[in-house]
Structure formats: structure tokens, C-alpha cells
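One structure below.
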Amino acid sequence: MDAETTGNGRIVVSLTNVRFARNFAQAGQGAGHVAGYGAAVTGANAAVITIDLKKGAKVAQILPLPPSAANKNNRLVIDLVSAPLSELTASLPQKKFNTITEVIAAVTPPAETMLSPAVMTPPSPKPSADSAAAAVLRKPVIVVDAGHGGSDPGAAGPNGSAESKVTLAAALALAEELRNLGRYEVVLTRSTDTRLAHEERSRIARDAKAELFISLHADAIADPKVRGGSVYTLSDEGTERSAREAREKGDYLVFDLDIGGADPQVGGILYNLAQRETGNESDKFAEILIGKLAGVTPLLNNTHRRGNFKVLLAPDVPAVLLELAFISSPRDEANLNSPAWRKKSMAATAHAIDAYFQQKGAVRHASNSVGGTPR
């Protein structure tokens with residue numbers, strides 16, 4: 001069993017090796033602290049229960065009850081007591097799953113077993129020693145995206161520099177730094193002056209099973225005195241946009257698992273969990289990156305910012321957009337065209353990537369499918 005909260009007064013309980021009684025109601029009104037509940041069978045031996053609270057509460061205990069003379073079914077009792085909503089998450093039991101991938105996998109069955117709870121899925125064969133070793137030795141895949149390109153040159157500097165050209169030079173320099181480390185597989189979304197659609201850039205990341213996506217850009221503003229870099233992660237508006245586009249396109253593939261066949265409510269919950277996990281990882285990397293760039297290149301105040309950028313929408317690939325500098329500033333434009341500055345700043349970026357993966361410890365296997373001006 002695994003219990004989570006979505007942060008808005010909803011408790012999500014994921015169960016494995018269970019089967020609902022025939023007369024179990026799949027939705028209903030609650031009482032006391034509970035406004036209502038929903039339940040869905042998500043596979044031959046998996047289910048999800050959602051509990052919506054109507055007032056502040058926390059979990060006092062979760063108690064499984066064995067069959068008795070009065071009731072021959074196994075039961076799960078969740079006791080709630082009044083408390084500020086902020087105390088709900090801390091009151092939940094320790095999760096038994098190590099990653100969000102495991103949570104989704106536990107409640108996302110193969111399509112053929114989705115509506116057949118009476119049919120038990122045979123256990124998957126154990127991976128061979130060679131395949132297990134290959135998984136352990138697999139290098140993290142880093143996708144480096146040079147913004148703009150081709151017929152879309154992006155912003156222009158006072159001396160005529162094109163954003164698409166300076167970002168490509170930076171992307172090539174970053175790829176070289178990462179390859180020299182020997183610990184990463186590097187994929188460039190473009191290595192020449194060509195134009196790519198925003199969706200194609202994130203699709204490259206997902207198809208490559210990327211562990212991290214970094215999109216390089218150069219900022220611009222009317223005031224030539226403004227200079228410095230900044231790092232963007234996805235805003236709440238962008239997160240909602242990603243979920244909306246997934247619904248419209250029917251693209252519910254996250255972490256190699258297709259959750260589109262699940263009950264719509266359950267599928268939405270799982271998609272949101274994936275987004276939250278990915279957003280947390282993106283934020284972690286953004287903070288590490290800012291720390292490594294500080295002192296190496298000028299940075300804006302409030303360096304970590306949030307934006308509704310298309311290239312950051314993948315629900316299962318941690319991603320940041322790095323504004324290298326202001327191409328509209330003559331001093332920053334000179335930096336963007338300087339091989340020495342480029343090497344120094346991209347070396348710092350590579351060190352940030354290295355620090356991020358050292359902090360993670362183990363390689364996370366990403367998906368195999370991946371407000372502001374669109375990037």
C-alpha cells in the first residue's frame with residue numbers, strides 16, 4: 001500500500017494484491033471530514049482509492065482489518081482527526097515505493113488486464129544478469145537544445161549577432177564538455193542552423209529516454225544596460241497546459257507506462273504525480289546550476305524563474321531553460337561570441353549536471369515515447 005496527498009485535500013491510496021468485494025461502491029458521498037471518495041480497479045491486482053476532504057484533517061492511523069464472523073472481507077480503515085491541512089502529508093505512512101515510476105507501475109496494468117480483475121497476470125521473467133548489468137552501467141542521457149535556428153533566428157544583438165547562432169555554439173561547447181567527462185550520453189536537438197518545432201525538441205528528449213533536458217537561449221530587452229543569465233523551470237500555468245494537451249492528444253505515456261487506459265480520474269492523478277516528481281527534479285537541477293554559474297558569469301537577481309515554455313512541457317523529463325545572457329547588451333553579446341567565456345560558462349554547466357547526477361546517486365529511467373513567449 002502507498003498513500004500520497006495531492007496537496008489540495010485529496011488522499012490517494014494505491015493498493016496492490018487486492019480485489020474489491022462485488023458490492024463495493026466505486027464512488028460515494030462521505031461524512032465527517034470526508035466530502036466524497038472514488039475507487040477504481042486498475043489491473044488484475046491493483047486499485048486506487050481517492051478520498052477528498054471537506055475540512056482540515058490528518059491521518060491518525062491506517063489499520064487493515066482481517067475477515068471476521070460479521071464480515072468475511074479484508075477491510076482497510078483510515079482514521080482521520082481534525083488538524084490543519086498542512087499536517088496531512090506528514091501524517092501519511094512511509095511510502096514503500098522508491099520512485100514515482102514504481103507507484104505508476106504498480107497501478108498501471110497492461111491494457112488486456114485493465115477490466116479483468118479476476119484474471120491474475122503471470123509474473124514477468126527475471127532479467128538476465130547481462131541485461132541487469134547493462135541497466136546499471138547505462139549512462140544518463142542529456143539532451144542539449146540550442147534555441148531557435150534556421151528561419152527562426154531569435155533575438156538579435158546590437159552588433160548583429162543572432163540568438164540561434166550563439167545558442168548553437170554554446171550547445172556544441174556544452175556537448176563537448178559533457179562528452180569529455182565520459183559519464184554521459186549527449187544528444188543535440190540540432191547541430192546545424194536548422195529550425196525545429198517546439199514539440200519536436202521535447203519529443204527528441206523523450207525518444208532518447210533523456211534523464212535531463214537543457215534548452216539554451218539568449219534573452220533580449222529594450223534596455224541595453226540589463227545583462228546577466230537566468231534559469232527557468234515550468235510554471236504552474238505550464239503544468240496545467242501540459243496536462244490539458246495530454247488530454248487533447250490522448251498522450252498519456254509517462255515513464256515508459258501508458259496510463260491512458262486507466263479510469264480518467266485515476267489517469268489524471270497518475271499524470272499529476274509524474275508532473276510533480278519531474279517538476280521537483282527540474283527545480284533541484286536549476287538550483288545546482290545557478291550555484292555553479294554564480295561567479296563564472298553575470299546572473300540576474302531572482303535567477304530561478306518560472307515560465308510557460310513549450311520546450312519544458314514533457315511530464316517525465318526534468319528540464320530547464322537557461323537564458324545564457326542578454327544578447328541586447330553589448331557586453332553580454334561580446335561574451336556570447338567569446339570562445340573563452342563560452343568554454344568557462346559551459347564547463348560550469350557541465351559541472352552542475354555532474355553534481356546533479358552525483359546527488360541523485362542512481363540513474364532514473366525516463367520515458368520512451370518525452371506565459372511567456374514560446375521557446
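Ordering of the C-alpha cells sets the chain letters (A, B, ...), residue numbers begin anew at 1 in every chain, and ligands are numbered from 1 in the order given.
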I want to know what sits within 10 Å of region 345-353 of chain A, based on only C-alpha atoms, with residues of the same chain fewer than 6 positions away left out; could you give that as an mmCIF file with N, CA and C atoms, in the first residue's frame?
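Output file around-v4.cif follows:
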```cif
data_model
loop_
_atom_site.group_PDB
_atom_site.id
_atom_site.type_symbol
_atom_site.label_atom_id
_atom_site.label_comp_id
_atom_site.auth_asym_id
_atom_site.auth_seq_id
_atom_site.Cartn_x
_atom_site.Cartn_y
_atom_site.Cartn_z
ATOM 1 N N ILE A 142 21.683 13.075 -21.679
ATOM 2 C CA ILE A 142 21.460 14.516 -21.544
ATOM 3 C C ILE A 142 21.112 15.067 -22.919
ATOM 4 N N ALA A 170 27.049 27.533 -28.081
ATOM 5 C CA ALA A 170 27.068 27.139 -26.668
ATOM 6 C C ALA A 170 26.676 25.676 -26.506
ATOM 7 N N ALA A 171 25.688 25.227 -27.269
ATOM 8 C CA ALA A 171 25.245 23.830 -27.184
ATOM 9 C C ALA A 171 26.358 22.877 -27.593
ATOM 10 N N LEU A 172 27.069 23.216 -28.647
ATOM 11 C CA LEU A 172 28.186 22.377 -29.096
ATOM 12 C C LEU A 172 29.291 22.348 -28.043
ATOM 13 N N ALA A 173 29.532 23.500 -27.403
ATOM 14 C CA ALA A 173 30.559 23.559 -26.357
ATOM 15 C C ALA A 173 30.147 22.734 -25.141
ATOM 16 N N LEU A 174 28.871 22.801 -24.762
ATOM 17 C CA LEU A 174 28.390 22.017 -23.622
ATOM 18 C C LEU A 174 28.462 20.524 -23.925
ATOM 19 N N ALA A 175 28.084 20.150 -25.133
ATOM 20 C CA ALA A 175 28.160 18.738 -25.516
ATOM 21 C C ALA A 175 29.592 18.229 -25.424
ATOM 22 N N GLU A 176 30.539 19.046 -25.845
ATOM 23 C CA GLU A 176 31.947 18.646 -25.776
ATOM 24 C C GLU A 176 32.393 18.475 -24.323
ATOM 25 N N GLU A 177 31.995 19.408 -23.456
ATOM 26 C CA GLU A 177 32.358 19.313 -22.039
ATOM 27 C C GLU A 177 31.801 18.030 -21.422
ATOM 28 N N LEU A 178 30.553 17.720 -21.722
ATOM 29 C CA LEU A 178 29.924 16.526 -21.152
ATOM 30 C C LEU A 178 30.558 15.251 -21.682
ATOM 31 N N ARG A 179 30.854 15.230 -22.972
ATOM 32 C CA ARG A 179 31.475 14.029 -23.553
ATOM 33 C C ARG A 179 32.878 13.821 -22.993
ATOM 34 N N ASN A 180 33.565 14.908 -22.709
ATOM 35 C CA ASN A 180 34.907 14.783 -22.131
ATOM 36 C C ASN A 180 34.864 14.177 -20.729
ATOM 37 N N LEU A 181 33.748 14.355 -20.029
ATOM 38 C CA LEU A 181 33.608 13.747 -18.703
ATOM 39 C C LEU A 181 33.496 12.229 -18.803
ATOM 40 N N TYR A 184 28.352 10.538 -19.616
ATOM 41 C CA TYR A 184 27.026 10.846 -20.138
ATOM 42 C C TYR A 184 26.934 10.579 -21.630
ATOM 43 N N LEU A 212 17.731 14.304 -18.533
ATOM 44 C CA LEU A 212 17.750 15.746 -18.303
ATOM 45 C C LEU A 212 17.713 16.452 -19.648
ATOM 46 N N ILE A 214 18.111 20.367 -21.297
ATOM 47 C CA ILE A 214 18.508 21.752 -21.043
ATOM 48 C C ILE A 214 18.447 22.525 -22.352
ATOM 49 N N PHE A 285 17.754 20.661 -10.105
ATOM 50 C CA PHE A 285 18.855 20.940 -11.031
ATOM 51 C C PHE A 285 19.029 22.438 -11.233
ATOM 52 N N ALA A 286 17.928 23.180 -11.325
ATOM 53 C CA ALA A 286 18.019 24.630 -11.529
ATOM 54 C C ALA A 286 18.833 25.286 -10.417
ATOM 55 N N GLU A 287 18.604 24.884 -9.183
ATOM 56 C CA GLU A 287 19.332 25.477 -8.062
ATOM 57 C C GLU A 287 20.816 25.111 -8.106
ATOM 58 N N ILE A 288 21.106 23.869 -8.475
ATOM 59 C CA ILE A 288 22.513 23.461 -8.602
ATOM 60 C C ILE A 288 23.188 24.251 -9.718
ATOM 61 N N LEU A 289 22.495 24.406 -10.837
ATOM 62 C CA LEU A 289 23.050 25.130 -11.983
ATOM 63 C C LEU A 289 23.354 26.582 -11.622
ATOM 64 N N ILE A 290 22.437 27.220 -10.934
ATOM 65 C CA ILE A 290 22.661 28.616 -10.529
ATOM 66 C C ILE A 290 23.883 28.725 -9.628
ATOM 67 N N GLY A 291 24.029 27.771 -8.724
ATOM 68 C CA GLY A 291 25.185 27.782 -7.831
ATOM 69 C C GLY A 291 26.502 27.652 -8.567
ATOM 70 N N LYS A 292 26.526 26.839 -9.612
ATOM 71 C CA LYS A 292 27.760 26.641 -10.378
ATOM 72 C C LYS A 292 28.068 27.837 -11.284
ATOM 73 N N LEU A 293 27.020 28.504 -11.780
ATOM 74 C CA LEU A 293 27.233 29.644 -12.678
ATOM 75 C C LEU A 293 27.593 30.922 -11.921
ATOM 76 N N ALA A 294 27.180 31.003 -10.672
ATOM 77 C CA ALA A 294 27.475 32.198 -9.871
ATOM 78 C C ALA A 294 28.979 32.402 -9.771
ATOM 79 N N GLY A 295 29.424 33.596 -10.079
ATOM 80 C CA GLY A 295 30.852 33.895 -10.039
ATOM 81 C C GLY A 295 31.570 33.590 -11.335
ATOM 82 N N VAL A 296 30.913 32.832 -12.216
ATOM 83 C CA VAL A 296 31.514 32.500 -13.516
ATOM 84 C C VAL A 296 31.005 33.448 -14.590
ATOM 85 N N THR A 297 29.718 33.804 -14.484
ATOM 86 C CA THR A 297 29.098 34.700 -15.454
ATOM 87 C C THR A 297 28.065 35.549 -14.726
ATOM 88 N N LEU A 322 17.854 27.697 -19.937
ATOM 89 C CA LEU A 322 18.927 28.578 -19.477
ATOM 90 C C LEU A 322 19.058 29.760 -20.423
ATOM 91 N N LEU A 324 21.305 32.333 -21.320
ATOM 92 C CA LEU A 324 22.742 32.484 -21.108
ATOM 93 C C LEU A 324 23.138 33.902 -20.720
ATOM 94 N N ASN A 335 30.306 38.554 -24.752
ATOM 95 C CA ASN A 335 30.529 37.283 -24.061
ATOM 96 C C ASN A 335 30.000 36.106 -24.872
ATOM 97 N N LEU A 336 28.798 36.260 -25.389
ATOM 98 C CA LEU A 336 28.177 35.174 -26.147
ATOM 99 C C LEU A 336 29.001 34.779 -27.366
ATOM 100 N N PRO A 339 34.864 32.669 -27.354
ATOM 101 C CA PRO A 339 35.151 31.252 -27.096
ATOM 102 C C PRO A 339 35.580 30.998 -25.655
ATOM 103 N N GLN A 359 24.322 13.671 -6.951
ATOM 104 C CA GLN A 359 23.360 13.817 -5.857
ATOM 105 C C GLN A 359 22.239 12.792 -5.973
#
```
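Distances to Val143 (chain A) were evaluated for A:Asp207, A:Glu199, A:Glu323, A:Glu333 using only C-alpha atoms, and the minimum falls at A:Asp207.
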Query raised in the report: Of the residues A:Val141, A:Val226, A:Leu299, A:Ala220, which is the one nearest to Glu185 (chain A), using only C-alpha atoms?
Result: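 Selected residue with least distance to Glu185 (chain A): A:Val141.
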**Report entry** Nearest to Leu53 (chain A), chosen from A:Gly9, A:Gly32, A:Pro84, A:Ser14, with only C-alpha atoms counted in the distances
**Finding:** A:Gly9
Query raised in the report: Looking at only C-alpha atoms, which of A:Gln29, A:Thr89, A:Pro153, A:Asp316 is the one that sits closest to Val12 (chain A)?
Result: A:Thr89
Find the residues near Asn280 (chain A): any atom within 12 Å, counting only C-alpha atoms, skip ones fewer than 4 places away on the same chain, and give them as an mmCIF file with C-alpha atoms, in the first residue's frame.
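File selection-v2.cif, as written:
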```cif
data_model
loop_
_atom_site.group_PDB
_atom_site.id
_atom_site.type_symbol
_atom_site.label_atom_id
_atom_site.label_comp_id
_atom_site.auth_asym_id
_atom_site.auth_seq_id
_atom_site.Cartn_x
_atom_site.Cartn_y
_atom_site.Cartn_z
ATOM 1 C CA ILE A 100 7.125 7.750 -8.800
ATOM 2 C CA THR A 233 11.616 25.882 -14.893
ATOM 3 C CA LEU A 234 7.990 25.200 -15.765
ATOM 4 C CA SER A 235 5.348 27.423 -14.179
ATOM 5 C CA LEU A 273 2.093 12.693 -9.774
ATOM 6 C CA ALA A 274 4.518 12.292 -12.683
ATOM 7 C CA GLN A 275 4.467 16.036 -13.329
ATOM 8 C CA ARG A 276 5.128 16.807 -9.683
ATOM 9 C CA LYS A 284 16.726 20.704 -7.904
ATOM 10 C CA PHE A 285 18.855 20.940 -11.031
ATOM 11 C CA ALA A 286 18.019 24.630 -11.529
ATOM 12 C CA GLU A 287 19.332 25.477 -8.062
ATOM 13 C CA PRO A 315 5.759 15.358 -17.940
ATOM 14 C CA ASP A 316 8.573 12.882 -17.313
ATOM 15 C CA VAL A 317 11.848 14.589 -18.301
ATOM 16 C CA PRO A 318 13.397 17.093 -15.856
ATOM 17 C CA ALA A 319 14.016 20.244 -17.878
ATOM 18 C CA VAL A 320 15.335 23.786 -17.571
#
```
